[in-house]
$ cat target.cif   # mmCIF, C-alpha atoms
data_coords
#
loop_
_atom_site.group_PDB
_atom_site.id
_atom_site.type_symbol
_atom_site.label_atom_id
_atom_site.label_comp_id
_atom_site.auth_asym_id
_atom_site.auth_seq_id
_atom_site.Cartn_x
_atom_site.Cartn_y
_atom_site.Cartn_z
ATOM 1 C CA MET A 1 9.846 17.059 -19.095
ATOM 2 C CA ARG A 2 9.632 20.779 -18.490
ATOM 3 C CA ASN A 3 11.436 22.386 -15.570
ATOM 4 C CA CYS A 4 10.876 25.699 -13.878
ATOM 5 C CA ALA A 5 12.056 27.517 -10.771
ATOM 6 C CA LEU A 6 9.587 28.315 -8.036
ATOM 7 C CA TYR A 7 10.137 31.408 -5.912
ATOM 8 C CA SER A 8 8.105 31.971 -2.755
ATOM 9 C CA SER A 9 8.176 34.397 0.155
ATOM 10 C CA THR A 10 7.677 31.422 2.482
ATOM 11 C CA PHE A 11 9.631 28.188 2.620
ATOM 12 C CA ASP A 12 6.624 26.130 3.708
ATOM 13 C CA LEU A 13 6.793 23.413 1.068
ATOM 14 C CA ASP A 14 3.622 21.808 2.453
ATOM 15 C CA GLN A 15 1.735 24.982 1.570
ATOM 16 C CA VAL A 16 3.243 24.955 -1.932
ATOM 17 C CA GLU A 17 2.290 21.293 -2.310
ATOM 18 C CA ARG A 18 -1.336 22.040 -1.317
ATOM 19 C CA LEU A 19 -1.429 24.918 -3.789
ATOM 20 C CA LEU A 20 -0.156 22.687 -6.598
ATOM 21 C CA GLU A 21 -2.748 20.036 -5.689
ATOM 22 C CA SER A 22 -5.480 22.664 -6.044
ATOM 23 C CA ILE A 23 -4.088 23.800 -9.426
ATOM 24 C CA TYR A 24 -3.568 20.239 -10.727
ATOM 25 C CA PRO A 25 -6.330 18.175 -9.040
ATOM 26 C CA ASN A 26 -6.075 15.186 -11.429
ATOM 27 C CA ASN A 27 -2.299 14.883 -11.343
ATOM 28 C CA LYS A 28 0.143 13.197 -8.994
ATOM 29 C CA ILE A 29 2.365 15.499 -6.896
ATOM 30 C CA HIS A 30 5.690 14.101 -5.660
ATOM 31 C CA VAL A 31 8.129 15.876 -3.306
ATOM 32 C CA ASN A 32 11.612 14.415 -2.879
ATOM 33 C CA GLU A 33 12.985 13.627 0.590
ATOM 34 C CA SER A 34 15.264 16.657 0.753
ATOM 35 C CA LYS A 35 12.298 18.863 -0.208
ATOM 36 C CA THR A 36 14.216 20.569 -2.986
ATOM 37 C CA ARG A 37 12.194 19.265 -5.933
ATOM 38 C CA VAL A 38 8.484 18.953 -6.611
ATOM 39 C CA GLU A 39 7.259 16.964 -9.593
ATOM 40 C CA VAL A 40 3.783 17.139 -11.109
ATOM 41 C CA LYS A 41 2.914 14.108 -13.230
ATOM 42 C CA SER A 42 -0.127 14.012 -15.458
ATOM 43 C CA LYS A 43 -1.437 10.817 -16.952
ATOM 44 C CA GLY A 44 -3.175 10.574 -20.251
ATOM 45 C CA TRP A 45 -4.381 7.535 -22.096
ATOM 46 C CA LEU A 46 -1.331 7.492 -24.351
ATOM 47 C CA ILE A 47 0.680 10.475 -23.125
ATOM 48 C CA ARG A 48 2.385 11.113 -19.797
ATOM 49 C CA LYS A 49 3.683 14.560 -18.989
ATOM 50 C CA SER A 50 5.907 15.658 -16.152
ATOM 51 C CA LYS A 51 6.736 19.123 -14.800
ATOM 52 C CA ALA A 52 9.507 19.604 -12.270
ATOM 53 C CA LEU A 53 9.684 22.558 -9.906
ATOM 54 C CA THR A 54 13.003 23.118 -8.186
#
$ encode --input "target.cif" --output "structure tokens"
Amino acid sequence: MRNCALYSSTFDLDQVERLLESIYPNNKIHVNESKTRVEVKSKGWLIRKSKALT
């Protein structure tokens, strides 16, 4: 899993989630309940990759 920090001039996580969905249309986007972590999961036939944005 790769991690990265996400910096934004707005704290509208819904907007960030929509942006990530447009960048990664075939992947699953998950936001935790406290809205401090966003995870992008891609599925391959044999490989699964995950990227976490905190």
$ resolve_selection --input "target.cif" --expression "the PyMOL selection byres ((chain A and resi 41) around 7)" --output "ChimeraX atom specification"
/A:27-29,39-40,42-43,49-51
$ atom_distance --input "target.cif" --atom1 "CA of Tyr24 in chain A" --atom2 "CA of Asp12 in chain A"
18.6 Å
$ atom_distance --input "target.cif" --atom1 "CA of Thr36 in chain A" --atom2 "CA of Tyr7 in chain A"
11.9 Å
$ build_atoms --input "target.cif" --residues "range 6-39 of chain A" --atoms "N, CA and C atoms" --output "tab-separated table (two decimals), in the coordinates of the input"
chain	number	residue	atom	x	y	z
A	6	LEU	N	10.71	27.82	-8.83
A	6	LEU	CA	9.59	28.32	-8.04
A	6	LEU	C	10.14	29.21	-6.94
A	7	TYR	N	9.70	30.45	-6.92
A	7	TYR	CA	10.14	31.41	-5.91
A	7	TYR	C	8.95	31.74	-5.02
A	8	SER	N	9.18	31.73	-3.71
A	8	SER	CA	8.10	31.97	-2.76
A	8	SER	C	8.64	32.80	-1.60
A	9	SER	N	7.78	33.60	-1.01
A	9	SER	CA	8.18	34.40	0.16
A	9	SER	C	8.20	33.54	1.42
A	10	THR	N	7.65	32.34	1.36
A	10	THR	CA	7.68	31.42	2.48
A	10	THR	C	8.34	30.12	2.04
A	11	PHE	N	8.99	29.45	2.95
A	11	PHE	CA	9.63	28.19	2.62
A	11	PHE	C	8.81	27.00	3.11
A	12	ASP	N	7.52	27.20	3.28
A	12	ASP	CA	6.62	26.13	3.71
A	12	ASP	C	6.25	25.30	2.49
A	13	LEU	N	7.02	24.23	2.25
A	13	LEU	CA	6.79	23.41	1.07
A	13	LEU	C	5.45	22.69	1.13
A	14	ASP	N	4.94	22.42	2.33
A	14	ASP	CA	3.62	21.81	2.45
A	14	ASP	C	2.54	22.72	1.88
A	15	GLN	N	2.68	24.01	2.11
A	15	GLN	CA	1.74	24.98	1.57
A	15	GLN	C	1.83	25.02	0.04
A	16	VAL	N	3.04	24.97	-0.49
A	16	VAL	CA	3.24	24.96	-1.93
A	16	VAL	C	2.65	23.68	-2.52
A	17	GLU	N	2.84	22.56	-1.84
A	17	GLU	CA	2.29	21.29	-2.31
A	17	GLU	C	0.76	21.34	-2.35
A	18	ARG	N	0.14	21.90	-1.33
A	18	ARG	CA	-1.34	22.04	-1.32
A	18	ARG	C	-1.81	22.94	-2.45
A	19	LEU	N	-1.08	24.01	-2.70
A	19	LEU	CA	-1.43	24.92	-3.79
A	19	LEU	C	-1.35	24.20	-5.14
A	20	LEU	N	-0.29	23.43	-5.35
A	20	LEU	CA	-0.16	22.69	-6.60
A	20	LEU	C	-1.26	21.64	-6.74
A	21	GLU	N	-1.65	21.00	-5.64
A	21	GLU	CA	-2.75	20.04	-5.69
A	21	GLU	C	-4.06	20.71	-6.08
A	22	SER	N	-4.25	21.96	-5.66
A	22	SER	CA	-5.48	22.66	-6.04
A	22	SER	C	-5.43	23.10	-7.51
A	23	ILE	N	-4.23	23.40	-8.02
A	23	ILE	CA	-4.09	23.80	-9.43
A	23	ILE	C	-4.18	22.58	-10.34
A	24	TYR	N	-3.59	21.47	-9.93
A	24	TYR	CA	-3.57	20.24	-10.73
A	24	TYR	C	-4.28	19.12	-9.97
A	25	PRO	N	-5.62	19.16	-9.87
A	25	PRO	CA	-6.33	18.18	-9.04
A	25	PRO	C	-6.28	16.74	-9.57
A	26	ASN	N	-6.07	16.54	-10.85
A	26	ASN	CA	-6.08	15.19	-11.43
A	26	ASN	C	-4.69	14.61	-11.62
A	27	ASN	N	-3.68	15.31	-11.15
A	27	ASN	CA	-2.30	14.88	-11.34
A	27	ASN	C	-1.68	14.41	-10.04
A	28	LYS	N	-0.58	13.70	-10.16
A	28	LYS	CA	0.14	13.20	-8.99
A	28	LYS	C	1.26	14.18	-8.65
A	29	ILE	N	1.34	14.58	-7.38
A	29	ILE	CA	2.37	15.50	-6.90
A	29	ILE	C	3.38	14.69	-6.08
A	30	HIS	N	4.64	14.82	-6.39
A	30	HIS	CA	5.69	14.10	-5.66
A	30	HIS	C	6.74	15.10	-5.19
A	31	VAL	N	7.08	15.03	-3.89
A	31	VAL	CA	8.13	15.88	-3.31
A	31	VAL	C	9.26	14.95	-2.87
A	32	ASN	N	10.50	15.28	-3.27
A	32	ASN	CA	11.61	14.42	-2.88
A	32	ASN	C	11.91	14.57	-1.39
A	33	GLU	N	12.73	13.66	-0.85
A	33	GLU	CA	12.98	13.63	0.59
A	33	GLU	C	13.68	14.88	1.11
A	34	SER	N	14.56	15.46	0.30
A	34	SER	CA	15.26	16.66	0.75
A	34	SER	C	14.43	17.93	0.57
A	35	LYS	N	13.24	17.76	0.01
A	35	LYS	CA	12.30	18.86	-0.21
A	35	LYS	C	12.91	19.99	-1.04
A	36	THR	N	13.64	19.59	-2.08
A	36	THR	CA	14.22	20.57	-2.99
A	36	THR	C	13.63	20.46	-4.38
A	37	ARG	N	12.78	19.48	-4.60
A	37	ARG	CA	12.19	19.26	-5.93
A	37	ARG	C	10.76	18.76	-5.79
A	38	VAL	N	9.88	19.37	-6.55
A	38	VAL	CA	8.48	18.95	-6.61
A	38	VAL	C	8.20	18.56	-8.05
A	39	GLU	N	7.56	17.42	-8.24
A	39	GLU	CA	7.26	16.96	-9.59
A	39	GLU	C	5.76	16.75	-9.73
